[in-house]
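Asker: Provided herewith is a single structure, encoded as structure tokens, for subsequent inquiry.
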Amino acid sequence: MNLFILPHAARMTVCADVDELAAAAAQRIAELIEDTLAAQEVCNIALAGGDTPHRCYRLLREMSLPWTRIHFYFDDERCLPIGDSKRNDTMARDSLLSSVPAANIHAIPAELGSAVAAALYAQEMASAGALDLVLLGLGEDGHTASLFPGNAALQAAGPVVAVSGAPKLPPERVSLSLSALNAARHKLFLVAGSAKRDALKGIAQGADLPAARVLQAEWYLDRNATLGFEMLPCE
Ligand SMILES: O=C1O[C@H](COP(=O)(O)O)[C@@H](O)[C@H](O)[C@H]1O
């Protein structure tokens with residue numbers, strides 16, 4: 001059995017399966033929202049897309065939280081028409097945001113194309129102030145948000161970046177930059193399934209993958225993502 005730790009992680013939780021992961025992450029997100037709202041009027045969260053967060057969002061939706069004081073942003077969006085089933089905001093509206101006031105949902109206008117959408121969303125992020133919490137996924141190739149290995153978007157200086165040439169469809173996307181992700185007060189990765197194993201192992205072995213560049217994150221993993229190696233807690 002190989003033993004690994006995740007470099008630069010703030011905390012790591014390995015769950016038995018994806019359902020346990022969804023429940024543990026939903027609990028932690030609720031706790032961070034409550035802590036944040038005890039100290040300030042609103043809590044700003046950026047949501048991940050992808051398959052893994054879906055179950056967690058459904059659990060979170062059932063929780064008794066002060067929804068009118070939570071504002072939802074997005075880590076990234078695919079440049080597809082509004083309502084397309086592959087858009088991250090479509091998934092989030094279906095699984096989490098059905099009862100959230102429209103004014104609290106800050107979608108990326110990716111239907112306008114990546115350059116225009118990135119510029120508009122940079123203005124929106126500037127007026128939002130700091131992100132309190134960013135939820136993140138891990139792609140099979142080590143991408144997070146829409147920051148892919150070797151893509152020019154990784155070097156972006158501003159808070160929001162237009163992405164072209166993404167290896168996962170669609171190639172045109174909009175993403176928060178690495179600096180914007182790292183500036184968030186709390187970062188939570190949700191990683192489930194054996195398809196993520198190689199990327200996770202790569203990060204543990206020091207590979208320079210986009211997800212590895214998000215520092216001091218809390219990682220929620222399931223057993224399938226870590227099968228064949230043992231993750232050691234980082235504390
Ligand atoms: O393309 C994307 O992929 C990542 C990972 O998604 P998953 O389905 O493999 O969990 C996701 O975090 C990102 O928001 C999404 O646009």
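Chain labels run A, B, ... following the order of the structure tokens; each chain numbers its residues from 1, and ligands are numbered from 1 in the order shown.
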Please extract the residues of range 47-225 of chain A with a backbone DSSP assignment of strand (DSSP E or B) and present them as a PyMOL selection string.
Answerer: chain A and resi 47+70-74+76-78+105+133-137+144+147+160-163+173-176+186-191+217-222
Asker: May I ask you to write as a VMD selection string all residues lying at most 8 Å from ligand 1, with only C-alpha atoms and all ligand atoms counted?
Answerer: chain A and resid 47 to 53 75 to 78 87 to 88 136 to 140 143 to 146 168 to 169 190 to 192 196
Asker: Output as JSON lines one row per residue of range 51-78 of chain A within 9 Å of range 34-39 of chain A: the closest atom pair and its distance in Å to one decimal place, counting only C-alpha atoms, sorted by chain and residue number ascending.
Answerer:
{"residue": "A:Leu65", "atom": "CA", "partner": "A:Glu34", "partner_atom": "CA", "distance": 7.9}
{"residue": "A:Pro66", "atom": "CA", "partner": "A:Glu34", "partner_atom": "CA", "distance": 8.7}
{"residue": "A:Arg69", "atom": "CA", "partner": "A:Leu37", "partner_atom": "CA", "distance": 7.9}
{"residue": "A:Ile70", "atom": "CA", "partner": "A:Leu37", "partner_atom": "CA", "distance": 8.7}
Asker: From the set A:Leu188, A:Val14, A:Ala9, A:Leu96, which residue has the shortest atom-to-atom contact distance to Leu227 in chain A, counting only C-alpha atoms?
Answerer: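 Going through A:Leu188, A:Val14, A:Ala9, A:Leu96 one by one, the smallest distance to Leu227 in chain A is for A:Val14.
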Asker: Please identify all polymer residues within 7 Å of range 110-121 of chain A, counting only C-alpha atoms, omitting same-chain residues fewer than 5 positions from it, and present them as a list in words.
Answerer: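 Residues meeting the cut-off are Glu77, Arg78, Cys79, Leu80, Pro81, Ile82, Val160, Val161, Ala162, Val163, Glu172, Arg173 and Val174 of chain A.
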Asker: Could you write those residues out with all heavy atoms, as a compact mmCIF listing (two decimals), in the first residue's frame?
Answerer:
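And here's part05.txt as it stands now:
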# COMPACT_ATOMS: atom_id res chain seq x y z
N GLU A 77 -18.05 28.45 -16.39
CA GLU A 77 -19.24 28.15 -17.20
C GLU A 77 -18.81 27.76 -18.60
O GLU A 77 -17.76 28.18 -19.09
CB GLU A 77 -20.19 29.37 -17.22
CG GLU A 77 -21.55 29.11 -17.81
CD GLU A 77 -22.26 27.90 -17.15
OE1 GLU A 77 -22.06 26.77 -17.62
OE2 GLU A 77 -23.01 28.12 -16.17
N ARG A 78 -19.62 26.92 -19.19
CA ARG A 78 -19.38 26.50 -20.57
C ARG A 78 -20.13 27.45 -21.51
O ARG A 78 -21.26 27.83 -21.21
CB ARG A 78 -19.89 25.07 -20.75
CG ARG A 78 -19.08 24.04 -19.92
CD ARG A 78 -19.91 23.36 -18.88
NE ARG A 78 -19.13 22.47 -18.01
CZ ARG A 78 -19.33 21.17 -17.94
NH1 ARG A 78 -20.28 20.61 -18.64
NH2 ARG A 78 -18.58 20.44 -17.14
N CYS A 79 -19.52 27.85 -22.62
CA CYS A 79 -20.17 28.79 -23.55
C CYS A 79 -21.21 28.06 -24.39
O CYS A 79 -20.95 27.62 -25.52
CB CYS A 79 -19.12 29.49 -24.41
SG CYS A 79 -18.11 30.61 -23.42
N LEU A 80 -22.37 27.96 -23.85
CA LEU A 80 -23.52 27.26 -24.43
C LEU A 80 -24.75 28.15 -24.17
O LEU A 80 -24.71 29.01 -23.27
CB LEU A 80 -23.71 25.91 -23.74
CG LEU A 80 -22.57 24.89 -23.94
CD1 LEU A 80 -22.72 23.71 -22.97
CD2 LEU A 80 -22.52 24.40 -25.37
N PRO A 81 -25.83 27.94 -24.93
CA PRO A 81 -27.02 28.78 -24.70
C PRO A 81 -27.58 28.63 -23.28
O PRO A 81 -27.44 27.56 -22.67
CB PRO A 81 -28.03 28.23 -25.73
CG PRO A 81 -27.22 27.46 -26.72
CD PRO A 81 -26.01 26.97 -26.01
N ILE A 82 -28.25 29.67 -22.80
CA ILE A 82 -28.91 29.62 -21.49
C ILE A 82 -29.85 28.42 -21.46
O ILE A 82 -30.57 28.17 -22.42
CB ILE A 82 -29.72 30.92 -21.25
CG1 ILE A 82 -28.77 32.10 -21.09
CG2 ILE A 82 -30.62 30.79 -20.03
CD1 ILE A 82 -29.47 33.44 -21.02
N VAL A 160 -11.16 36.84 -13.66
CA VAL A 160 -11.97 35.96 -14.52
C VAL A 160 -11.28 35.85 -15.86
O VAL A 160 -10.76 36.85 -16.39
CB VAL A 160 -13.39 36.55 -14.71
CG1 VAL A 160 -14.27 35.58 -15.49
CG2 VAL A 160 -14.04 36.89 -13.37
N VAL A 161 -11.27 34.65 -16.43
CA VAL A 161 -10.51 34.45 -17.65
C VAL A 161 -11.37 33.78 -18.72
O VAL A 161 -12.18 32.90 -18.42
CB VAL A 161 -9.21 33.65 -17.33
CG1 VAL A 161 -9.51 32.31 -16.70
CG2 VAL A 161 -8.36 33.45 -18.56
N ALA A 162 -11.19 34.22 -19.98
CA ALA A 162 -11.81 33.57 -21.13
C ALA A 162 -10.94 32.37 -21.49
O ALA A 162 -9.73 32.50 -21.62
CB ALA A 162 -11.88 34.55 -22.30
N VAL A 163 -11.58 31.21 -21.62
CA VAL A 163 -10.84 29.98 -21.91
C VAL A 163 -11.17 29.52 -23.32
O VAL A 163 -12.34 29.43 -23.68
CB VAL A 163 -11.24 28.85 -20.91
CG1 VAL A 163 -10.47 27.57 -21.20
CG2 VAL A 163 -11.02 29.32 -19.47
N GLU A 172 -14.84 26.28 -25.53
CA GLU A 172 -14.90 27.69 -25.11
C GLU A 172 -15.64 27.78 -23.77
O GLU A 172 -16.77 27.33 -23.63
CB GLU A 172 -15.62 28.52 -26.19
CG GLU A 172 -15.42 30.01 -25.98
CD GLU A 172 -16.20 30.86 -26.98
OE1 GLU A 172 -16.84 30.30 -27.89
OE2 GLU A 172 -16.18 32.09 -26.80
N ARG A 173 -14.96 28.39 -22.83
CA ARG A 173 -15.47 28.47 -21.46
C ARG A 173 -15.05 29.79 -20.81
O ARG A 173 -14.23 30.52 -21.35
CB ARG A 173 -14.89 27.32 -20.62
CG ARG A 173 -15.36 25.94 -21.04
CD ARG A 173 -14.43 24.87 -20.54
NE ARG A 173 -14.97 23.55 -20.81
CZ ARG A 173 -15.40 22.69 -19.89
NH1 ARG A 173 -15.31 22.98 -18.62
NH2 ARG A 173 -15.89 21.52 -20.23
N VAL A 174 -15.57 30.02 -19.61
CA VAL A 174 -15.17 31.17 -18.80
C VAL A 174 -14.85 30.60 -17.42
O VAL A 174 -15.55 29.70 -16.94
CB VAL A 174 -16.32 32.19 -18.68
CG1 VAL A 174 -15.92 33.36 -17.80
CG2 VAL A 174 -16.75 32.67 -20.05
Asker: Output as a PyMOL selection string all residues of range 14-208 of chain A that backbone DSSP marks as alpha helix (DSSP H).
Answerer: chain A and resi 18-39+53-61+88-95+114-128+178-183+197-204
Asker: I need the residue nearest Asp17 in chain A from this list: A:Ala122, A:Leu135, A:Leu232, A:Leu221. Use only C-alpha atoms for the distance.
Answerer: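 Checking each candidate against Asp17 in chain A, we get A:Leu221 as the closest.
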